[in-house]
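Visitor: Handing over query37.cif, mmCIF, C-alpha atoms.
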```cif
data_start
#
loop_
_atom_site.label_atom_id
_atom_site.label_comp_id
_atom_site.auth_asym_id
_atom_site.auth_seq_id
_atom_site.Cartn_x
_atom_site.Cartn_y
_atom_site.Cartn_z
CA MET A 299 15.89 28.21 102.42
CA ASN A 300 15.09 24.67 101.32
CA ARG A 301 12.05 25.95 99.47
CA LEU A 302 14.27 28.45 97.59
CA ILE A 303 16.69 25.72 96.56
CA LYS A 304 13.90 23.52 95.31
CA LEU A 305 12.46 26.42 93.35
CA LEU A 306 15.83 27.08 91.75
CA ILE A 307 16.20 23.42 90.79
CA VAL A 308 12.75 23.34 89.20
CA THR A 309 13.52 26.57 87.33
CA VAL A 310 16.81 25.16 85.99
CA LEU A 311 15.14 21.92 84.91
CA LEU A 312 12.36 23.77 83.14
CA ALA A 313 14.84 26.03 81.44
CA SER A 314 16.95 23.05 80.41
CA SER A 315 13.89 21.23 79.07
CA THR A 316 12.87 24.30 77.08
CA LEU A 317 16.36 24.69 75.63
CA THR A 318 16.43 21.00 74.70
CA ALA A 319 13.03 21.24 73.02
CA GLN A 320 14.17 24.34 71.14
CA SER A 321 17.37 22.55 70.11
CA ASP A 322 15.46 19.47 68.88
CA TYR A 323 13.02 21.66 66.94
CA LYS A 324 15.94 23.48 65.32
CA LYS A 325 17.54 20.15 64.36
CA VAL A 326 14.33 18.88 62.79
CA GLN A 327 13.78 22.11 60.87
CA THR A 328 17.40 22.18 59.67
CA PHE A 329 17.12 18.55 58.54
CA LYS A 330 13.86 19.22 56.69
CA GLN A 331 15.32 22.31 55.00
CA LYS A 332 18.38 20.36 53.83
CA VAL A 333 16.24 17.52 52.46
CA GLU A 334 13.99 19.97 50.61
CA TYR A 335 17.04 21.81 49.20
CA TYR A 336 18.66 18.61 47.87
CA THR A 337 15.35 17.39 46.44
CA LYS A 338 14.94 20.58 44.42
CA ALA A 339 18.62 20.61 43.42
CA LEU A 340 18.28 17.10 41.98
CA GLU A 341 15.38 18.26 39.81
CA SER A 342 17.59 20.75 37.96
CA VAL A 343 21.04 19.13 38.06
CA ARG A 344 23.05 19.99 34.92
CA SER A 345 26.33 18.09 35.11
CA ALA A 346 27.94 14.94 36.46
CA ASP A 347 30.13 17.03 38.79
CA GLU A 348 27.09 18.76 40.26
CA LEU A 349 25.38 15.41 40.74
CA SER A 350 28.46 14.02 42.50
CA SER A 351 28.59 17.03 44.82
CA ILE A 352 24.93 16.60 45.81
CA ASN A 353 25.54 12.90 46.44
CA ASP A 354 28.43 13.72 48.79
CA SER A 355 26.25 16.27 50.62
CA ILE A 356 23.46 13.70 51.12
CA VAL A 357 25.96 11.21 52.54
CA ALA A 358 27.29 13.90 54.91
CA LEU A 359 23.76 14.81 55.97
CA ARG A 360 22.99 11.21 56.82
CA ASN A 361 26.12 10.85 58.91
CA LYS A 362 25.52 14.16 60.70
CA PHE A 363 21.96 13.29 61.78
CA SER A 364 22.45 9.57 62.43
CA ALA A 365 22.54 10.20 66.21
CA ASP A 366 19.15 11.93 65.97
CA LYS A 367 17.44 9.08 64.12
CA LYS A 368 14.92 8.47 66.93
CA LEU A 369 14.05 12.15 67.13
CA LEU A 370 13.59 12.39 63.36
CA ASP A 371 11.55 9.18 63.15
CA GLY A 372 8.92 10.86 65.32
CA ALA A 373 9.12 14.29 63.76
CA LEU A 374 8.94 13.10 60.11
CA TYR A 375 5.85 10.88 60.49
CA PRO A 376 4.45 9.27 58.29
CA GLU A 377 7.98 9.22 56.84
CA ASN A 378 11.02 8.42 58.97
CA TYR A 379 14.80 8.82 58.91
CA ASN A 380 15.46 5.81 56.62
CA THR A 381 12.60 6.39 54.16
CA THR A 382 13.61 10.04 53.79
CA PHE A 383 17.09 9.01 52.62
CA ASP A 384 15.61 6.23 50.48
CA ASN A 385 13.59 8.91 48.69
CA LEU A 386 16.68 11.08 48.26
CA ILE A 387 18.63 8.16 46.80
CA ALA A 388 15.76 7.41 44.40
CA ASP A 389 15.74 11.08 43.32
CA LEU A 390 19.50 10.90 42.90
CA GLN A 391 19.19 7.86 40.63
CA ASN A 392 16.43 9.51 38.58
CA ALA A 393 18.57 12.62 38.16
CA GLU A 394 21.47 10.45 37.02
CA GLU A 395 19.25 8.69 34.46
CA LYS A 396 17.95 12.03 33.14
CA LEU A 397 21.50 13.37 32.90
CA ASN A 398 22.61 10.25 31.01
CA LEU A 399 19.60 10.57 28.71
CA LYS A 400 20.47 14.18 27.94
CA THR A 401 24.01 13.11 27.08
CA GLN A 402 22.67 10.32 24.88
CA VAL A 403 20.30 12.73 23.13
CA VAL A 404 23.16 15.12 22.31
CA THR A 405 25.26 12.22 21.03
CA LEU A 406 22.29 10.85 19.10
CA GLN A 407 21.57 14.21 17.49
CA THR A 408 25.20 14.42 16.37
CA GLN A 409 25.06 10.90 14.93
CA VAL A 410 21.73 11.50 13.20
CA SER A 411 22.96 14.76 11.67
CA LYS A 412 25.97 12.91 10.25
CA LEU A 413 23.76 10.13 8.92
CA LYS A 414 21.54 12.72 7.24
CA ARG A 415 24.57 14.37 5.57
CA ASP A 416 25.83 10.97 4.39
CA LEU A 417 22.38 10.17 3.03
CA ASP A 418 22.24 13.43 1.06
CA GLU A 419 25.70 12.78 -0.41
CA LEU A 420 24.76 9.25 -1.45
CA SER A 421 21.55 10.46 -3.09
CA LYS A 422 23.54 13.01 -5.09
CA SER A 423 26.06 10.35 -6.11
CA TYR A 424 23.27 7.97 -7.19
CA TYR A 425 21.79 10.45 -9.66
CA GLU A 426 25.22 11.27 -11.05
CA ASN A 427 25.72 7.55 -11.74
CA LEU A 428 22.27 7.33 -13.32
CA GLN A 429 23.12 10.17 -15.71
CA GLU A 430 26.39 8.44 -16.64
CA LEU A 431 24.50 5.21 -17.24
CA THR A 432 22.27 6.98 -19.75
CA LYS A 433 25.33 8.36 -21.54
CA ILE A 434 26.93 4.92 -21.71
CA LYS A 435 23.82 3.55 -23.41
CA GLY A 436 23.89 6.16 -26.16
CA GLU A 437 27.51 7.16 -26.65
CA LEU A 438 29.83 4.14 -26.42
CA ALA A 439 30.00 2.15 -29.65
CA ASP A 440 32.60 -0.41 -28.59
CA GLU A 441 30.68 -3.24 -26.91
CA ARG A 442 33.52 -4.32 -24.63
CA SER A 443 34.11 -0.76 -23.35
CA LYS A 444 30.37 -0.29 -22.99
CA ASN A 445 30.03 -3.50 -20.96
CA GLU A 446 32.93 -2.59 -18.68
CA ALA A 447 31.62 0.94 -18.08
CA TRP A 448 28.07 -0.35 -17.65
CA THR A 449 29.13 -3.00 -15.12
CA SER A 450 31.13 -0.44 -13.16
CA ARG A 451 28.22 2.01 -12.93
CA ILE A 452 25.70 -0.68 -12.05
CA SER A 453 27.99 -1.93 -9.28
CA SER A 454 28.42 1.62 -7.96
CA MET A 455 24.67 2.29 -8.00
CA ARG A 456 23.91 -0.99 -6.26
CA SER A 457 26.49 -0.22 -3.57
CA ASN A 458 25.01 3.27 -3.22
CA ILE A 459 21.48 1.92 -2.68
CA ASN A 460 22.71 -0.63 -0.12
CA LYS A 461 24.56 2.07 1.82
CA ARG A 462 21.48 4.32 1.86
CA ASP A 463 19.34 1.42 3.04
CA ASP A 464 21.80 0.83 5.88
CA ILE A 465 21.75 4.52 6.85
CA ILE A 466 17.95 4.59 6.86
CA LYS A 467 17.97 1.51 9.12
CA LYS A 468 20.23 3.41 11.53
CA LEU A 469 18.04 6.51 11.35
CA ILE A 470 14.96 4.44 12.12
CA ASP A 471 16.77 2.75 14.99
CA SER A 472 17.92 6.11 16.37
CA LEU A 473 14.77 8.17 15.88
CA VAL A 474 12.01 5.61 16.47
CA LEU A 475 13.16 2.43 18.16
CA LYS A 476 16.03 3.11 20.55
CA PRO A 477 14.60 6.10 22.44
CA HIS A 478 11.45 4.18 23.42
CA TYR A 479 11.67 0.42 23.61
CA ASN A 480 8.17 0.09 25.06
CA LEU A 481 6.26 1.91 22.32
CA GLU A 482 2.84 0.88 23.61
CA SER A 483 3.34 2.76 26.86
CA MET A 484 4.56 6.00 25.24
CA THR A 485 2.91 9.19 26.46
CA LEU A 486 1.40 11.77 24.12
CA ASN A 487 4.39 14.08 24.64
CA GLU A 488 6.84 11.28 23.86
CA LYS A 489 4.95 10.49 20.65
CA LYS A 490 5.06 14.16 19.68
CA LYS A 491 8.82 14.22 20.28
CA VAL A 492 9.45 11.18 18.08
CA THR A 493 7.07 12.57 15.43
CA TYR A 494 9.05 15.81 15.47
CA ASN A 495 12.32 13.88 14.95
CA ILE A 496 10.83 11.86 12.08
CA LYS A 497 9.74 15.07 10.35
CA GLN A 498 12.90 17.03 11.18
CA TYR A 499 15.15 14.43 9.53
CA ASN A 500 12.72 13.83 6.66
CA LEU A 501 12.71 10.10 7.42
CA LEU A 502 9.56 9.14 5.51
CA ASN A 503 10.54 11.07 2.38
CA ASN A 504 13.97 9.43 2.46
CA ILE A 505 12.33 5.99 2.64
CA LYS A 506 10.09 6.91 -0.32
CA GLN A 507 13.07 8.18 -2.31
CA LEU A 508 15.03 5.01 -1.64
CA LEU A 509 12.12 2.86 -2.83
CA GLN A 510 11.65 4.99 -5.95
CA ASP A 511 15.36 4.67 -6.74
CA ASN A 512 15.20 0.90 -6.20
CA ILE A 513 12.34 0.70 -8.72
CA GLN A 514 14.19 2.93 -11.18
CA PHE A 515 17.37 0.88 -10.76
CA ILE A 516 15.67 -2.48 -11.35
CA ASN A 517 14.02 -1.15 -14.51
CA ALA A 518 17.15 0.51 -15.90
CA ALA A 519 19.74 -2.25 -15.58
CA ILE A 520 20.48 -5.74 -16.87
CA PHE A 521 21.33 -8.31 -14.20
CA LYS A 522 22.92 -11.70 -13.80
CA PRO A 523 20.85 -14.40 -12.01
CA GLU A 524 22.88 -14.10 -8.80
CA ASP A 525 22.32 -10.30 -8.74
CA LEU A 526 18.57 -10.69 -9.02
CA HIS A 527 18.64 -13.36 -6.32
CA LYS A 528 20.27 -10.86 -3.92
CA ILE A 529 17.94 -8.03 -4.92
CA LYS A 530 14.88 -10.23 -4.40
CA ASN A 531 16.15 -11.22 -0.94
CA GLU A 532 16.73 -7.54 -0.09
CA GLN A 533 13.25 -6.65 -1.32
CA ILE A 534 11.63 -9.38 0.80
CA ASP A 535 13.69 -8.37 3.85
CA PHE A 536 12.68 -4.71 3.45
CA LYS A 537 9.02 -5.62 3.02
CA GLU A 538 9.05 -7.68 6.23
CA ARG A 539 10.80 -4.88 8.14
CA TRP A 540 8.33 -2.31 6.85
CA LYS A 541 5.36 -4.39 8.02
CA LEU A 542 6.58 -3.96 11.61
CA LEU A 543 8.03 -0.49 11.23
CA GLY A 544 5.06 0.96 9.36
CA THR A 545 2.72 -0.11 12.14
CA THR A 546 5.06 1.35 14.75
CA ILE A 547 5.39 4.69 12.97
CA ALA A 548 1.63 4.84 12.38
CA ASN A 549 1.11 4.31 16.12
CA VAL A 550 3.70 6.92 17.10
CA MET A 551 2.50 9.50 14.55
CA SER A 552 -1.18 9.01 15.33
CA VAL A 553 -0.99 12.42 17.03
CA GLU A 554 -1.05 13.93 13.53
CA SER A 555 -3.13 13.10 10.46
CA SER A 556 -1.00 14.39 7.57
CA PRO A 557 1.90 11.87 7.83
CA GLN A 558 -0.54 9.00 7.26
CA GLN A 559 -0.56 9.85 3.54
CA ASN A 560 3.20 9.28 3.45
CA LEU A 561 2.72 5.86 5.02
CA TYR A 562 0.14 4.91 2.37
CA GLU A 563 2.52 6.04 -0.38
CA ILE A 564 5.36 4.00 1.10
CA ASN A 565 3.12 0.92 1.26
CA ASP A 566 2.30 1.38 -2.44
CA LEU A 567 6.00 1.80 -3.31
CA VAL A 568 6.94 -1.33 -1.34
CA ASN A 569 4.40 -3.32 -3.37
CA GLU A 570 5.52 -1.67 -6.62
CA TRP A 571 9.16 -2.55 -5.90
CA SER A 572 8.16 -6.17 -5.25
CA ALA A 573 6.24 -6.31 -8.55
CA SER A 574 9.14 -4.66 -10.43
CA VAL A 575 11.65 -7.20 -9.13
CA ASP A 576 9.37 -10.12 -10.08
CA LYS A 577 8.74 -8.62 -13.51
CA LYS A 578 12.49 -8.21 -14.04
CA ILE A 579 13.15 -11.83 -13.05
CA TRP A 580 10.61 -13.12 -15.56
CA ALA A 581 11.90 -10.74 -18.24
CA GLU A 582 15.45 -12.04 -17.78
CA ILE A 583 14.20 -15.63 -18.07
CA LYS A 584 12.27 -14.81 -21.24
CA SER A 585 15.42 -13.26 -22.72
CA LEU A 586 17.07 -16.69 -22.46
CA PHE A 587 14.56 -17.97 -25.04
CA ASN A 588 14.70 -14.82 -27.17
CA ASN A 589 18.49 -14.94 -27.40
CA ARG A 590 18.20 -18.47 -28.83
CA GLY A 591 15.60 -17.46 -31.38
CA ILE A 592 12.71 -19.08 -29.49
CA GLU A 593 9.62 -16.86 -29.50
CA VAL A 594 7.53 -17.72 -26.44
CA ASP A 595 4.66 -15.57 -25.16
CA THR A 596 5.50 -12.93 -22.52
CA PHE A 597 4.97 -13.99 -18.90
CA TYR A 598 4.98 -12.14 -15.56
CA THR A 599 3.84 -14.89 -13.17
CA GLY A 600 4.50 -18.57 -12.60
CA GLU A 601 1.15 -19.49 -14.13
CA GLN A 602 1.82 -17.39 -17.24
CA PHE A 603 5.31 -18.91 -17.47
CA VAL A 604 3.86 -22.45 -17.55
CA ASN A 605 1.15 -21.48 -20.05
CA SER A 606 3.70 -19.79 -22.31
CA LEU A 607 6.12 -22.76 -22.41
CA THR A 608 3.51 -25.49 -22.66
CA GLY A 609 1.67 -23.48 -25.31
CA TYR A 610 4.87 -23.17 -27.34
CA ILE A 611 5.54 -26.92 -27.10
CA ASP A 612 1.93 -27.72 -28.03
CA SER A 613 2.28 -25.56 -31.13
CA LYS A 614 5.36 -27.55 -32.14
CA ILE A 615 3.69 -30.91 -31.48
CA ASN A 616 0.62 -29.88 -33.45
CA SER A 617 2.77 -28.78 -36.38
CA TYR A 618 4.11 -32.34 -36.72
CA ASP A 619 0.66 -33.50 -37.86
CA GLU A 620 1.58 -32.15 -41.28
CA GLY A 621 4.01 -34.98 -41.84
CA PRO A 622 6.23 -37.50 -40.05
CA LEU A 623 9.44 -35.72 -40.97
CA GLU A 624 8.56 -32.33 -39.51
CA PHE A 625 10.25 -32.88 -36.09
CA SER A 626 13.39 -30.72 -35.67
CA ALA A 627 15.95 -32.24 -33.35
CA ASP A 628 17.91 -28.99 -33.34
CA GLU A 629 14.86 -26.97 -32.30
CA TYR A 630 14.09 -29.42 -29.52
CA SER A 631 17.69 -29.49 -28.33
CA VAL A 632 17.98 -25.69 -28.16
CA PHE A 633 14.76 -25.37 -26.13
CA VAL A 634 15.30 -28.35 -23.81
CA ASP A 635 19.05 -28.81 -23.48
CA SER A 636 20.40 -25.28 -23.99
CA VAL A 637 17.69 -23.25 -22.26
CA TRP A 638 15.55 -25.40 -19.95
CA TYR A 639 18.24 -27.59 -18.39
CA ALA A 640 21.46 -25.59 -18.91
CA GLU A 641 19.99 -22.21 -17.90
CA ILE A 642 16.61 -22.32 -16.16
CA ASN A 643 16.95 -25.55 -14.19
CA LEU A 644 20.55 -24.86 -13.25
CA ASN A 645 20.57 -21.12 -12.51
CA TRP A 646 16.97 -20.09 -11.89
CA MET A 647 14.79 -22.98 -10.74
CA PRO A 648 16.07 -23.32 -7.13
CA PHE A 649 15.51 -19.59 -6.60
CA LEU A 650 12.08 -19.56 -8.26
CA LEU A 651 10.94 -22.42 -6.03
CA GLU A 652 12.47 -20.98 -2.87
CA LYS A 653 10.79 -17.58 -3.33
CA GLU A 654 7.52 -19.25 -4.37
CA LEU A 655 7.50 -17.58 -7.77
CA LEU A 656 6.96 -21.07 -9.18
CA THR A 657 5.63 -24.25 -7.57
CA GLU A 658 7.00 -27.77 -7.88
CA GLU A 659 3.74 -28.80 -9.55
CA GLN A 660 4.15 -26.09 -12.21
CA LYS A 661 7.72 -27.21 -12.87
CA ILE A 662 6.49 -30.80 -13.35
CA MET A 663 3.82 -29.61 -15.80
CA VAL A 664 6.50 -28.12 -18.07
CA GLU A 665 8.71 -31.20 -17.79
CA GLU A 666 5.79 -33.49 -18.62
CA LYS A 667 5.13 -31.43 -21.74
CA ILE A 668 8.83 -31.67 -22.65
CA THR A 669 8.60 -35.47 -22.28
CA GLU A 670 5.56 -35.47 -24.55
CA TRP A 671 7.54 -33.46 -27.10
CA SER A 672 10.46 -35.88 -26.93
CA GLN A 673 8.13 -38.84 -27.48
CA VAL A 674 6.85 -37.21 -30.66
CA GLY A 675 10.43 -36.90 -31.77
CA GLU A 676 11.13 -40.53 -30.95
CA SER A 677 7.97 -41.57 -32.81
CA ASP A 678 9.00 -39.55 -35.83
CA ALA A 679 12.50 -40.99 -35.67
CA ASN A 680 11.10 -44.54 -35.52
CA THR A 681 8.82 -43.80 -38.46
CA LEU A 682 11.77 -42.46 -40.41
CA ARG A 683 13.78 -45.59 -39.64
CA ILE A 684 10.91 -47.83 -40.86
CA VAL A 685 10.56 -45.79 -44.04
CA LEU A 686 14.30 -45.94 -44.68
CA ILE A 687 14.40 -49.68 -44.04
CA PHE A 688 11.40 -50.18 -46.33
CA VAL A 689 13.07 -48.11 -49.05
CA ALA A 690 16.32 -50.01 -48.58
CA ILE A 691 14.50 -53.32 -48.92
CA ILE A 692 12.76 -52.18 -52.10
CA LEU A 693 16.06 -50.97 -53.56
CA LEU A 694 17.68 -54.25 -52.62
CA LEU A 695 14.88 -56.22 -54.31
CA VAL A 696 15.14 -54.05 -57.41
CA ILE A 697 18.90 -54.59 -57.55
CA ILE A 698 18.47 -58.33 -57.10
CA ALA A 699 15.78 -58.40 -59.78
CA LEU A 700 17.97 -56.51 -62.21
CA PHE A 701 20.92 -58.75 -61.42
CA VAL A 702 18.85 -61.94 -62.00
CA LYS A 703 17.39 -60.55 -65.21
CA LYS A 704 20.86 -59.69 -66.48
CA ARG A 705 22.16 -63.20 -65.70
CA SER A 706 19.26 -64.79 -67.54
#
```
Take the structure in this file and express it as structure tokens.

Guide:
Amino acid sequence: MNRLIKLLIVTVLLASSTLTAQSDYKKVQTFKQKVEYYTKALESVRSADELSSINDSIVALRNKFSADKKLLDGALYPENYNTTFDNLIADLQNAEEKLNLKTQVVTLQTQVSKLKRDLDELSKSYYENLQELTKIKGELADERSKNEAWTSRISSMRSNINKRDDIIKKLIDSLVLKPHYNLESMTLNEKKKVTYNIKQYNLLNNIKQLLQDNIQFINAAIFKPEDLHKIKNEQIDFKERWKLLGTTIANVMSVESSPQQNLYEINDLVNEWSASVDKKIWAEIKSLFNNRGIEVDTFYTGEQFVNSLTGYIDSKINSYDEGPLEFSADEYSVFVDSVWYAEINLNWMPFLLEKELLTEEQKIMVEEKITEWSQVGESDANTLRIVLIFVAIILLLVIIALFVKKRS
């Protein structure tokens, strides 16, 4: 009887142990299946609501199996209960980042599409203004009306170019810079994606068109000094930005060979715009002399400017060798007082020096030549005074002689 009881006890214990083992196995398998399900679900999550639901399920799973932590630590080796949930949380965060990125991409595409439409409208408006500008040149006879219409169109075109430049900056920021802050670590697929965006929104051709319009604008219009100062600053700013951006785009688009030609063309246009602005600045300065009837040689650089002015002054100084009365005070005054000091020194010189179009040494060379010219004038004036005094003395002696002869 005792042996039977013992046998029954052993049988019950073995059965209980088997049931417990089967129960633990089922728990482990259920846990693993849930983890695998949530891991896969996070890879294809499509909305914030879906992501929130998965997050709640992961929290519930952790609470449900917290009492079985020891069991799971052994069954999940080399992972354990805590690292498994750490991995799920990391997957959850990655899914959230991807979802946010998708939302940003949709928003970005909407913004870029609007920027592209705005850019097309501005380009159309620019050419309409350019056509009107040509008409103003040929059709309006009244100078005042012509000047008012001209000024209005120039202002509109300048505003148009500035707006397009701003839009292109935003396009560059959206398509090239913002999506990938660490450009050096971009993968080949990421580079292909950015290259596709650059081509899809015609970014490089829009940059080329803007530069071509800038060149056309600077050649077509007449500007005040302050306008050219601003344009020169804009040109320098764009050139500096393109140095960085061009290198970045070249790096990103290295997956293709054809866009490199566009980059070379843009580099040439950037340099051409710079040369056109400088040429316009020097042309406006030369017009100051022309408008006063002073014919100086054409100049396009600081060195040519100095040679032109000093050469003109030398020609005037040399002409005085023909006689002591050849110096023209009016001619000197117009060149020095009306043009050099009242216009160039006052309105242009600070800008020329700041932008290194002219050096301080070159400025001094012109002023030294002006001083030399003034000394010739002073010498001639002194000679004239001596001659007049000498003549006056002779006349006085003649008068005295005649008076004495008459008395005698």

Visitor: Expand the PyMOL selection byres ((chain A and resi 527) around 10) into the individual residues it matches in the shown file, reporting them as a list in words.

Guide: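 Taken over the shown coordinates, the PyMOL selection byres ((chain A and resi 527) around 10) returns Phe521, Lys522, Pro523, Glu524, Asp525, Leu526, Lys528, Ile529, Lys530, Asn531, Glu532, Gln533, Val575, Ile579, Trp646, Phe649, Leu650 and Lys653 of chain A.
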
Visitor: Could you take the residues named above and write them with C-alpha atoms, as a PDB file, in the coordinates of the input?

Guide:
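The new file again_23.pdb reads:
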```pdb
ATOM      1  CA  PHE A 521      21.330  -8.310 -14.200  1.00  0.00           C
ATOM      2  CA  LYS A 522      22.920 -11.700 -13.800  1.00  0.00           C
ATOM      3  CA  PRO A 523      20.850 -14.400 -12.010  1.00  0.00           C
ATOM      4  CA  GLU A 524      22.880 -14.100  -8.800  1.00  0.00           C
ATOM      5  CA  ASP A 525      22.320 -10.300  -8.740  1.00  0.00           C
ATOM      6  CA  LEU A 526      18.570 -10.690  -9.020  1.00  0.00           C
ATOM      7  CA  LYS A 528      20.270 -10.860  -3.920  1.00  0.00           C
ATOM      8  CA  ILE A 529      17.940  -8.030  -4.920  1.00  0.00           C
ATOM      9  CA  LYS A 530      14.880 -10.230  -4.400  1.00  0.00           C
ATOM     10  CA  ASN A 531      16.150 -11.220  -0.940  1.00  0.00           C
ATOM     11  CA  GLU A 532      16.730  -7.540  -0.090  1.00  0.00           C
ATOM     12  CA  GLN A 533      13.250  -6.650  -1.320  1.00  0.00           C
ATOM     13  CA  VAL A 575      11.650  -7.200  -9.130  1.00  0.00           C
ATOM     14  CA  ILE A 579      13.150 -11.830 -13.050  1.00  0.00           C
ATOM     15  CA  TRP A 646      16.970 -20.090 -11.890  1.00  0.00           C
ATOM     16  CA  PHE A 649      15.510 -19.590  -6.600  1.00  0.00           C
ATOM     17  CA  LEU A 650      12.080 -19.560  -8.260  1.00  0.00           C
ATOM     18  CA  LYS A 653      10.790 -17.580  -3.330  1.00  0.00           C
TER      19      LYS A 653
END
```

Visitor: Report as a ChimeraX atom specification the residues that result from applying the PyMOL selection byres ((chain A and resi 383-385) around 12) to the structure here.

Guide: /A:329-330,332-334,336-337,340,353,355-361,363-364,367,370-371,374,377-382,386-392

Visitor: Pull the neighbourhood of (19.6, -22.6, -25.7) for me: all residues within 12 Å in file coordinates, counting all atoms listed in the file, as a short mmCIF file (atom, residue, chain, number, x, y, z; two decimals) with C-alpha atoms, in the coordinates of the input.

Guide:
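What ended up in out_25.cif:
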```cif
data_model
loop_
_atom_site.label_atom_id
_atom_site.label_comp_id
_atom_site.auth_asym_id
_atom_site.auth_seq_id
_atom_site.Cartn_x
_atom_site.Cartn_y
_atom_site.Cartn_z
CA ILE A 583 14.20 -15.63 -18.07
CA LYS A 584 12.27 -14.81 -21.24
CA SER A 585 15.42 -13.26 -22.72
CA LEU A 586 17.07 -16.69 -22.46
CA PHE A 587 14.56 -17.97 -25.04
CA ASN A 588 14.70 -14.82 -27.17
CA ASN A 589 18.49 -14.94 -27.40
CA ARG A 590 18.20 -18.47 -28.83
CA GLY A 591 15.60 -17.46 -31.38
CA ILE A 592 12.71 -19.08 -29.49
CA ASP A 628 17.91 -28.99 -33.34
CA GLU A 629 14.86 -26.97 -32.30
CA TYR A 630 14.09 -29.42 -29.52
CA SER A 631 17.69 -29.49 -28.33
CA VAL A 632 17.98 -25.69 -28.16
CA PHE A 633 14.76 -25.37 -26.13
CA VAL A 634 15.30 -28.35 -23.81
CA ASP A 635 19.05 -28.81 -23.48
CA SER A 636 20.40 -25.28 -23.99
CA VAL A 637 17.69 -23.25 -22.26
CA TRP A 638 15.55 -25.40 -19.95
CA TYR A 639 18.24 -27.59 -18.39
CA ALA A 640 21.46 -25.59 -18.91
CA GLU A 641 19.99 -22.21 -17.90
CA ILE A 642 16.61 -22.32 -16.16
#
```

Visitor: Distance atom CA of A:Leu502-atom CA of A:Ser454, one decimal place?

Guide: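 Computing the Euclidean distance for atom CA of A:Leu502 and atom CA of A:Ser454 yields 24.4 Å.
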
Visitor: Just give me the gap between atom CA of A:Lys667 and atom CA of A:Ala627 in Å, one decimal is fine.

Guide: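 It comes out at 15.9 Å.
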
Visitor: Atom CA of A:Asn645 and atom CA of A:Ile668, how far apart in Å?

Guide: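 Separation of atom CA of A:Ile668 and atom CA of A:Asn645: 18.8 Å.
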
Visitor: Which residues come within 7 Å of A:Ile564, counting all atoms listed in the file, excluding same-chain residues fewer than 4 positions away, as a PyMOL selection string?

Guide: chain A and resi 506+560+568

Visitor: Just the residues within 12 Å of A:Gln660, please, counting all atoms listed in the file, with nothing from its chain fewer than 2 positions along; format it as a PyMOL selection string.

Guide: chain A and resi 599-608+647+650-651+654-658+662-667

Visitor: Given all atoms listed in the file as the basis, pick out the residue of A:Ala581, A:Leu486, A:Val594, A:Ile466 nearest to A:Arg539.

Guide: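 Of A:Ala581, A:Leu486, A:Val594, A:Ile466, the one nearest A:Arg539 is A:Ile466, counting all atoms listed in the file.
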
Visitor: Nearest to A:Ser453: which of A:Trp671, A:Phe515, A:Phe597, A:Tyr335 is it, counting all atoms listed in the file?

Guide: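 Using all atoms listed in the file, the shortest distance to A:Ser453 belongs to A:Phe515.
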
Visitor: Taking all atoms listed in the file into account, name the residue in A:Pro648, A:Ile611, A:Gln514, A:Ala373 that is nearest to A:Glu593.

Guide: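 Ranking A:Pro648, A:Ile611, A:Gln514, A:Ala373 by distance to A:Glu593, first place goes to A:Ile611.
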
Visitor: Given the PyMOL selection byres ((chain A and resi 545) around 12) and the file above, list the residues it selects as a CSV table (one decimal) with C-alpha atoms, in the frame of the given file.

Guide:
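And here's result.csv as it stands now:
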```csv
chain,number,residue,atom,x,y,z
A,474,VAL,CA,12.0,5.6,16.5
A,481,LEU,CA,6.3,1.9,22.3
A,482,GLU,CA,2.8,0.9,23.6
A,538,GLU,CA,9.0,-7.7,6.2
A,539,ARG,CA,10.8,-4.9,8.1
A,540,TRP,CA,8.3,-2.3,6.8
A,541,LYS,CA,5.4,-4.4,8.0
A,542,LEU,CA,6.6,-4.0,11.6
A,543,LEU,CA,8.0,-0.5,11.2
A,544,GLY,CA,5.1,1.0,9.4
A,546,THR,CA,5.1,1.4,14.8
A,547,ILE,CA,5.4,4.7,13.0
A,548,ALA,CA,1.6,4.8,12.4
A,549,ASN,CA,1.1,4.3,16.1
A,550,VAL,CA,3.7,6.9,17.1
A,551,MET,CA,2.5,9.5,14.6
A,552,SER,CA,-1.2,9.0,15.3
A,558,GLN,CA,-0.5,9.0,7.3
A,561,LEU,CA,2.7,5.9,5.0
A,562,TYR,CA,0.1,4.9,2.4
A,565,ASN,CA,3.1,0.9,1.3
```
